[in-house]
$ cat entry_17.tsv   # TSV, C-alpha atoms
chain	number	residue	atom	x	y	z
B	1	ALA	CA	10.06	-25.56	-20.74
B	2	GLN	CA	13.63	-25.96	-21.90
B	3	SER	CA	15.96	-23.51	-23.57
B	4	VAL	CA	19.50	-23.30	-24.86
B	5	THR	CA	21.77	-20.27	-25.12
B	6	GLN	CA	24.87	-20.35	-27.28
B	7	LEU	CA	27.16	-17.43	-26.51
B	8	GLY	CA	28.75	-16.06	-29.63
B	9	SER	CA	27.14	-16.57	-33.02
B	10	HIS	CA	30.60	-16.36	-34.61
B	11	VAL	CA	33.87	-17.64	-33.16
B	12	SER	CA	37.26	-17.44	-34.86
B	13	VAL	CA	40.34	-19.31	-33.72
B	14	SER	CA	43.77	-19.87	-35.21
B	15	GLU	CA	44.71	-23.27	-36.51
B	16	GLY	CA	46.24	-25.23	-33.62
B	17	ALA	CA	44.57	-23.11	-30.95
B	18	LEU	CA	41.99	-24.20	-28.40
B	19	VAL	CA	38.39	-24.30	-29.54
B	20	LEU	CA	35.78	-23.34	-26.93
B	21	LEU	CA	32.12	-23.05	-27.88
B	22	ARG	CA	29.78	-22.11	-25.06
B	23	CYS	CA	26.37	-23.57	-24.32
B	24	ASN	CA	24.11	-22.90	-21.35
B	25	TYR	CA	20.79	-24.60	-20.87
B	26	SER	CA	17.66	-24.27	-18.82
B	27	SER	CA	15.68	-27.35	-17.82
B	28	SER	CA	13.39	-28.19	-14.92
B	29	VAL	CA	14.16	-31.91	-15.21
B	30	PRO	CA	17.47	-33.78	-15.69
B	31	PRO	CA	18.60	-32.83	-19.18
B	32	TYR	CA	19.93	-34.77	-22.09
B	33	LEU	CA	22.44	-32.58	-23.92
B	34	PHE	CA	23.80	-32.77	-27.45
B	35	TRP	CA	26.25	-31.06	-29.75
B	36	TYR	CA	25.72	-31.24	-33.51
B	37	VAL	CA	27.97	-30.06	-36.34
B	38	GLN	CA	26.77	-28.86	-39.73
B	39	TYR	CA	29.09	-28.56	-42.71
B	40	PRO	CA	28.08	-26.41	-45.70
B	41	ASN	CA	25.05	-27.71	-47.58
B	42	GLN	CA	24.73	-30.68	-45.24
B	43	GLY	CA	22.40	-31.81	-42.49
B	44	LEU	CA	23.35	-31.92	-38.83
B	45	GLN	CA	25.68	-34.64	-37.59
B	46	LEU	CA	25.86	-35.72	-33.95
B	47	LEU	CA	29.21	-34.83	-32.36
B	48	LEU	CA	28.57	-36.04	-28.82
B	49	LYS	CA	25.89	-36.36	-26.18
B	50	TYR	CA	25.36	-36.49	-22.45
B	51	THR	CA	22.49	-38.47	-20.96
B	52	THR	CA	23.65	-39.91	-17.63
B	53	GLY	CA	26.89	-41.06	-16.03
B	54	ALA	CA	30.29	-39.52	-16.69
B	55	THR	CA	30.02	-35.76	-17.05
B	56	LEU	CA	32.96	-35.46	-19.44
B	57	VAL	CA	31.95	-36.91	-22.77
B	58	LYS	CA	34.12	-37.45	-25.80
B	59	GLY	CA	32.89	-37.25	-29.34
B	60	ILE	CA	34.08	-37.53	-32.87
B	61	ASN	CA	36.89	-35.48	-34.42
B	62	GLY	CA	38.62	-34.89	-31.07
B	63	PHE	CA	35.84	-32.85	-29.50
B	64	GLU	CA	34.67	-33.21	-25.93
B	65	ALA	CA	32.19	-31.50	-23.63
B	66	GLU	CA	31.63	-31.37	-19.90
B	67	PHE	CA	28.23	-31.32	-18.25
B	68	LYS	CA	28.30	-28.93	-15.29
B	69	LYS	CA	25.00	-29.04	-13.47
B	70	SER	CA	25.91	-26.24	-11.04
B	71	GLU	CA	26.66	-23.92	-13.96
B	72	THR	CA	23.93	-25.30	-16.24
B	73	SER	CA	26.57	-25.50	-18.95
B	74	PHE	CA	27.72	-27.95	-21.60
B	75	HIS	CA	30.63	-26.22	-23.34
B	76	LEU	CA	32.32	-27.85	-26.32
B	77	THR	CA	36.12	-27.94	-26.54
B	78	LYS	CA	38.90	-29.20	-28.74
B	79	PRO	CA	42.55	-28.76	-27.75
B	80	SER	CA	43.88	-27.97	-31.22
B	81	ALA	CA	41.77	-26.57	-34.04
B	82	HIS	CA	42.08	-27.95	-37.54
B	83	MET	CA	41.00	-26.27	-40.76
B	84	SER	CA	38.43	-29.04	-41.25
B	85	ASP	CA	36.67	-27.95	-38.02
B	86	ALA	CA	35.24	-24.90	-39.76
B	87	ALA	CA	31.47	-25.43	-39.60
B	88	GLU	CA	28.36	-24.49	-37.71
B	89	TYR	CA	27.79	-26.00	-34.29
B	90	PHE	CA	24.48	-26.44	-32.51
B	91	CYS	CA	23.86	-27.26	-28.87
B	92	ALA	CA	20.55	-28.94	-28.01
B	93	VAL	CA	18.66	-30.08	-24.92
B	94	THR	CA	15.86	-32.51	-24.23
B	95	SER	CA	14.84	-34.80	-21.42
B	96	ASN	CA	13.46	-38.26	-20.95
B	97	PHE	CA	10.14	-36.78	-19.91
B	98	GLY	CA	7.22	-37.73	-22.11
B	99	ASN	CA	7.42	-36.55	-25.70
B	100	GLU	CA	9.83	-33.71	-25.09
B	101	LYS	CA	11.43	-32.57	-28.36
B	102	LEU	CA	14.98	-31.37	-28.88
B	103	THR	CA	15.38	-27.65	-28.30
B	104	PHE	CA	18.23	-26.21	-30.35
B	105	GLY	CA	20.40	-23.20	-29.74
B	106	THR	CA	20.81	-20.60	-32.45
B	107	GLY	CA	24.17	-21.99	-33.52
B	108	THR	CA	27.81	-20.85	-33.54
B	109	ARG	CA	29.75	-20.47	-36.76
B	110	LEU	CA	33.36	-21.53	-36.19
B	111	THR	CA	36.02	-20.06	-38.47
B	112	ILE	CA	39.58	-21.34	-38.45
B	113	ILE	CA	42.33	-18.85	-39.28
B	114	PRO	CA	45.32	-20.38	-41.08
E	1	GLU	CA	23.03	-49.10	-43.72
E	2	ALA	CA	20.39	-47.30	-41.67
E	3	ASP	CA	19.98	-43.75	-42.84
E	4	ILE	CA	17.64	-40.89	-43.67
E	5	TYR	CA	17.30	-39.62	-47.23
E	6	GLN	CA	16.04	-36.36	-48.61
E	7	THR	CA	15.30	-35.62	-52.25
E	8	PRO	CA	15.89	-33.48	-54.13
E	9	ARG	CA	19.07	-31.93	-52.67
E	10	TYR	CA	18.56	-28.72	-54.62
E	11	LEU	CA	15.43	-27.37	-56.25
E	12	VAL	CA	14.79	-24.15	-58.15
E	13	ILE	CA	11.15	-23.62	-58.98
E	14	GLY	CA	8.83	-20.87	-60.18
E	15	THR	CA	6.31	-19.04	-58.06
E	16	GLY	CA	2.94	-20.76	-57.82
E	17	LYS	CA	4.21	-24.28	-58.47
E	18	LYS	CA	3.29	-27.19	-56.24
E	19	ILE	CA	6.26	-29.07	-54.80
E	20	THR	CA	6.83	-32.07	-52.58
E	21	LEU	CA	10.04	-32.58	-50.64
E	22	GLU	CA	10.70	-36.23	-49.92
E	23	CYS	CA	12.07	-37.71	-46.71
E	24	SER	CA	12.55	-41.41	-46.03
E	25	GLN	CA	14.31	-43.27	-43.24
E	26	THR	CA	15.33	-46.91	-42.95
E	27	MET	CA	15.76	-47.03	-39.17
E	28	GLY	CA	12.15	-47.77	-38.23
E	29	HIS	CA	11.95	-44.59	-36.15
E	30	ASP	CA	8.50	-43.60	-34.98
E	31	LYS	CA	9.26	-39.90	-34.64
E	32	MET	CA	10.02	-37.64	-37.61
E	33	TYR	CA	10.51	-33.90	-37.94
E	34	TRP	CA	10.80	-31.12	-40.53
E	35	TYR	CA	12.93	-28.06	-39.84
E	36	GLN	CA	13.29	-24.87	-41.84
E	37	GLN	CA	16.73	-23.32	-41.58
E	38	ASP	CA	17.19	-19.68	-42.48
E	39	PRO	CA	20.46	-18.16	-43.73
E	40	GLY	CA	21.27	-17.09	-40.17
E	41	MET	CA	21.56	-20.78	-39.22
E	42	GLU	CA	18.68	-20.96	-36.76
E	43	LEU	CA	16.52	-24.08	-36.96
E	44	HIS	CA	12.75	-23.73	-36.85
E	45	LEU	CA	10.55	-26.78	-36.28
E	46	ILE	CA	7.64	-26.63	-38.75
E	47	HIS	CA	6.11	-30.13	-38.53
E	48	TYR	CA	6.52	-33.35	-36.60
E	49	SER	CA	5.00	-36.80	-36.38
E	50	TYR	CA	5.03	-39.43	-33.66
E	51	GLY	CA	3.80	-42.23	-35.88
E	52	VAL	CA	1.61	-43.26	-38.78
E	53	ASN	CA	-1.39	-40.95	-39.26
E	54	SER	CA	-0.03	-38.56	-36.63
E	55	THR	CA	1.11	-35.09	-37.67
E	56	GLU	CA	1.45	-31.86	-35.72
E	57	LYS	CA	2.45	-28.31	-36.50
E	58	GLY	CA	5.69	-27.08	-35.03
E	59	ASP	CA	6.79	-23.86	-33.42
E	60	LEU	CA	7.06	-21.87	-36.65
E	61	SER	CA	3.91	-21.34	-38.67
E	62	SER	CA	4.31	-22.75	-42.15
E	63	GLU	CA	2.13	-22.87	-45.24
E	64	SER	CA	3.40	-26.36	-45.96
E	65	THR	CA	1.60	-29.60	-45.14
E	66	VAL	CA	2.87	-33.08	-44.29
E	67	SER	CA	1.56	-36.62	-44.27
E	68	ARG	CA	2.64	-39.84	-42.55
E	69	ILE	CA	1.02	-42.81	-44.25
E	70	ARG	CA	4.01	-45.10	-43.78
E	71	THR	CA	6.47	-45.19	-40.90
E	72	GLU	CA	9.46	-44.63	-43.15
E	73	HIS	CA	8.08	-41.78	-45.26
E	74	PHE	CA	7.34	-38.17	-44.23
E	75	PRO	CA	6.89	-35.90	-47.29
E	76	LEU	CA	6.40	-32.14	-47.09
E	77	THR	CA	4.23	-30.35	-49.65
E	78	LEU	CA	3.90	-26.72	-50.67
E	79	GLU	CA	0.72	-26.21	-52.71
E	80	SER	CA	1.83	-22.88	-54.17
E	81	ALA	CA	5.47	-21.94	-53.77
E	82	ARG	CA	6.43	-18.31	-53.09
E	83	PRO	CA	9.82	-16.58	-52.87
E	84	SER	CA	9.35	-16.38	-49.08
E	85	HIS	CA	9.57	-20.19	-49.03
E	86	THR	CA	13.18	-20.04	-50.21
E	87	SER	CA	15.15	-21.83	-47.50
E	88	GLN	CA	16.92	-25.02	-46.49
E	89	TYR	CA	14.58	-27.78	-45.29
E	90	LEU	CA	15.94	-30.48	-43.00
E	91	CYS	CA	14.23	-33.75	-42.15
E	92	ALA	CA	15.10	-35.73	-39.02
E	93	SER	CA	13.99	-38.82	-37.17
E	94	SER	CA	14.41	-40.27	-33.70
E	95	GLU	CA	13.74	-43.28	-31.55
E	96	TYR	CA	10.93	-43.11	-29.06
E	97	ILE	CA	13.56	-43.06	-26.33
E	98	GLN	CA	15.05	-39.58	-26.17
E	99	GLY	CA	18.65	-40.40	-25.39
E	100	ASP	CA	19.85	-41.00	-28.94
E	101	GLY	CA	18.98	-37.57	-30.25
E	102	TYR	CA	17.95	-36.98	-33.84
E	103	THR	CA	19.35	-38.31	-37.10
E	104	PHE	CA	19.25	-35.71	-39.86
E	105	GLY	CA	19.04	-35.96	-43.62
E	106	SER	CA	21.30	-33.90	-45.87
E	107	GLY	CA	18.61	-31.32	-46.51
E	108	THR	CA	16.85	-29.80	-49.49
E	109	ARG	CA	17.82	-26.31	-50.54
E	110	LEU	CA	14.76	-24.74	-52.12
E	111	THR	CA	14.85	-21.58	-54.20
E	112	VAL	CA	11.59	-20.09	-55.46
E	113	VAL	CA	12.00	-17.53	-58.24
$ encode --input "entry_17.tsv" --output "structure tokens"
Amino acid sequence: AQSVTQLGSHVSVSEGALVLLRCNYSSSVPPYLFWYVQYPNQGLQLLLKYTTGATLVKGINGFEAEFKKSETSFHLTKPSAHMSDAAEYFCAVTSNFGNEKLTFGTGTRLTIIP
Amino acid sequence: EADIYQTPRYLVIGTGKKITLECSQTMGHDKMYWYQQDPGMELHLIHYSYGVNSTEKGDLSSESTVSRIRTEHFPLTLESARPSHTSQYLCASSEYIQGDGYTFGSGTRLTVV
């Protein structure tokens, strides 16, 4: 069984400050990890993903995440927050094993303070 | 352009009415999913399908039903809507290979009065 824990259901940062959204996962097989963003009244949009290879992955809108197997983490960062980053962010895990489905975290609402 | 479409985007309907939420994708994906999203953000899988004539219930019990007669189409039906069904419903699809993740539609926000 797989699971995802997102620490902090609400995170507020000042415009221009570092964004750090935390995600820890549990998986008994090599994981595939994803970050999705959801803007108001929209579906989820893929920000970035890790499957194999380089552990630091870059996504859209200046976001990146690092897969750390020893820490079972996949934290999302952005060096400088922009007002347009205000949204809900979901971390998710799956694997390439059989028909495993995506398991989502409970989400983190990011607020940007002007 | 390959995409996934949900209609309607917003729906307000009276208690007891039958409704169908539409979901169509043009990517030829075998796998499709329906999620219910509550106001607290959390996503709950209510139905999924791995291909034509294949449907399964998800992790969250739901009074809705689904069908998969064509690869591209995965409608969700509520026979008798109730206020407790008020929520956002998200449809998604994916390749058989897991590495691409899911592609989501824009959602249907349902309000039952």
$ residues_around --input "entry_17.tsv" --residues "stretch 41-45 of chain B" --least-positions-apart "4" --cutoff "12 Å" --atoms "only C-alpha atoms" --output "VMD selection string"
(chain B and resid 34 to 37 49 59 to 61 87 to 92 104 107) or (chain E and resid 3 to 6 9 to 10 34 to 37 39 41 43 87 to 93 101 to 110)
$ residues_near_point --input "entry_17.tsv" --point "(21.9, -22.5, -20.1)" --cutoff "7 Å" --atoms "all atoms listed in the file" --output "MDAnalysis selection string"
chainID B and resid 3:5 23:26 72:73
$ closest_residue --input "entry_17.tsv" --among "B:Thr55, B:Pro114, B:Val19, B:Pro40" --to "chain E" --atoms "only C-alpha atoms"
B:Pro40
$ residues_around --input "entry_17.tsv" --residues "E:Lys18" --least-positions-apart "4" --cutoff "12 Å" --atoms "all atoms listed in the file" --output "number ranges by chain"
E: 13-14, 63-65, 76-82, 85, 112
$ residues_around --input "entry_17.tsv" --residues "B:Leu56" --least-positions-apart "3" --cutoff "12 Å" --atoms "only C-alpha atoms" --output "PyMOL selection string"
chain B and resi 33+48-53+59+63-69+73-77
$ decode --input "entry_17.tsv" --residues "stretch 2-84 of chain E" --atoms "C-alpha atoms" --output "short mmCIF file (atom, residue, chain, number, x, y, z; two decimals), in the first residue's frame"
data_model
loop_
_atom_site.label_atom_id
_atom_site.label_comp_id
_atom_site.auth_asym_id
_atom_site.auth_seq_id
_atom_site.Cartn_x
_atom_site.Cartn_y
_atom_site.Cartn_z
CA ALA E 2 -5.61 16.11 -26.95
CA ASP E 3 -7.65 16.95 -23.92
CA ILE E 4 -10.31 15.88 -21.44
CA TYR E 5 -13.66 17.66 -21.29
CA GLN E 6 -16.27 17.85 -18.59
CA THR E 7 -19.77 19.25 -18.98
CA PRO E 8 -21.48 21.07 -17.49
CA ARG E 9 -18.97 23.22 -15.57
CA TYR E 10 -21.61 24.33 -13.09
CA LEU E 11 -24.97 22.78 -12.29
CA VAL E 12 -27.65 23.75 -9.79
CA ILE E 13 -30.43 21.22 -9.55
CA GLY E 14 -33.35 20.35 -7.28
CA THR E 15 -33.49 17.42 -4.92
CA GLY E 16 -34.71 14.19 -6.50
CA LYS E 17 -33.66 15.03 -10.04
CA LYS E 18 -31.64 12.63 -12.16
CA ILE E 19 -28.39 14.06 -13.52
CA THR E 20 -25.56 12.91 -15.72
CA LEU E 21 -22.13 14.49 -15.62
CA GLU E 22 -20.27 14.08 -18.88
CA CYS E 23 -16.59 13.32 -19.33
CA SER E 24 -14.85 12.77 -22.66
CA GLN E 25 -11.19 12.49 -23.60
CA THR E 26 -9.49 12.61 -26.98
CA MET E 27 -6.21 10.97 -25.97
CA GLY E 28 -7.24 7.34 -26.41
CA HIS E 29 -6.49 6.60 -22.75
CA ASP E 30 -7.69 3.25 -21.47
CA LYS E 31 -7.94 4.31 -17.83
CA MET E 32 -10.46 6.86 -16.56
CA TYR E 33 -11.40 8.03 -13.08
CA TRP E 34 -14.00 10.07 -11.21
CA TYR E 35 -13.06 11.99 -8.07
CA GLN E 36 -15.25 13.84 -5.62
CA GLN E 37 -13.55 16.84 -4.05
CA ASP E 38 -14.94 18.28 -0.84
CA PRO E 39 -14.53 21.91 0.25
CA GLY E 40 -11.52 20.90 2.33
CA MET E 41 -9.67 20.05 -0.91
CA GLU E 42 -9.24 16.33 -0.35
CA LEU E 43 -9.79 14.13 -3.40
CA HIS E 44 -11.86 10.97 -3.05
CA LEU E 45 -11.83 8.34 -5.80
CA ILE E 46 -15.43 7.22 -6.40
CA HIS E 47 -15.22 5.27 -9.69
CA TYR E 48 -12.64 4.08 -12.18
CA SER E 49 -12.43 2.14 -15.41
CA TYR E 50 -9.58 0.32 -17.11
CA GLY E 51 -11.32 0.00 -20.45
CA VAL E 52 -14.57 -0.48 -22.30
CA ASN E 53 -17.18 -2.36 -20.25
CA SER E 54 -14.94 -2.22 -17.19
CA THR E 55 -16.02 -0.16 -14.17
CA GLU E 56 -15.08 -0.38 -10.51
CA LYS E 57 -16.06 1.43 -7.35
CA GLY E 58 -13.42 3.57 -5.73
CA ASP E 59 -12.34 4.17 -2.17
CA LEU E 60 -15.27 6.40 -1.23
CA SER E 61 -18.74 4.90 -1.34
CA SER E 62 -20.95 6.83 -3.72
CA GLU E 63 -24.58 6.60 -4.77
CA SER E 64 -23.58 7.48 -8.30
CA THR E 65 -23.09 5.02 -11.16
CA VAL E 66 -20.85 5.09 -14.22
CA SER E 67 -20.66 3.42 -17.60
CA ARG E 68 -17.89 2.91 -20.16
CA ILE E 69 -19.38 1.96 -23.50
CA ARG E 70 -16.79 3.85 -25.54
CA THR E 71 -13.13 4.39 -24.76
CA GLU E 72 -13.43 8.17 -24.88
CA HIS E 73 -16.59 8.56 -22.80
CA PHE E 74 -17.08 7.99 -19.05
CA PRO E 75 -20.34 9.57 -17.79
CA LEU E 76 -21.39 9.65 -14.15
CA THR E 77 -25.08 9.47 -13.21
CA LEU E 78 -26.98 10.30 -10.05
CA GLU E 79 -30.47 8.79 -10.19
CA SER E 80 -31.87 11.02 -7.44
CA ALA E 81 -29.79 14.01 -6.40
CA ARG E 82 -29.64 15.03 -2.74
CA PRO E 83 -28.05 18.04 -1.01
CA SER E 84 -25.33 15.70 0.31
#
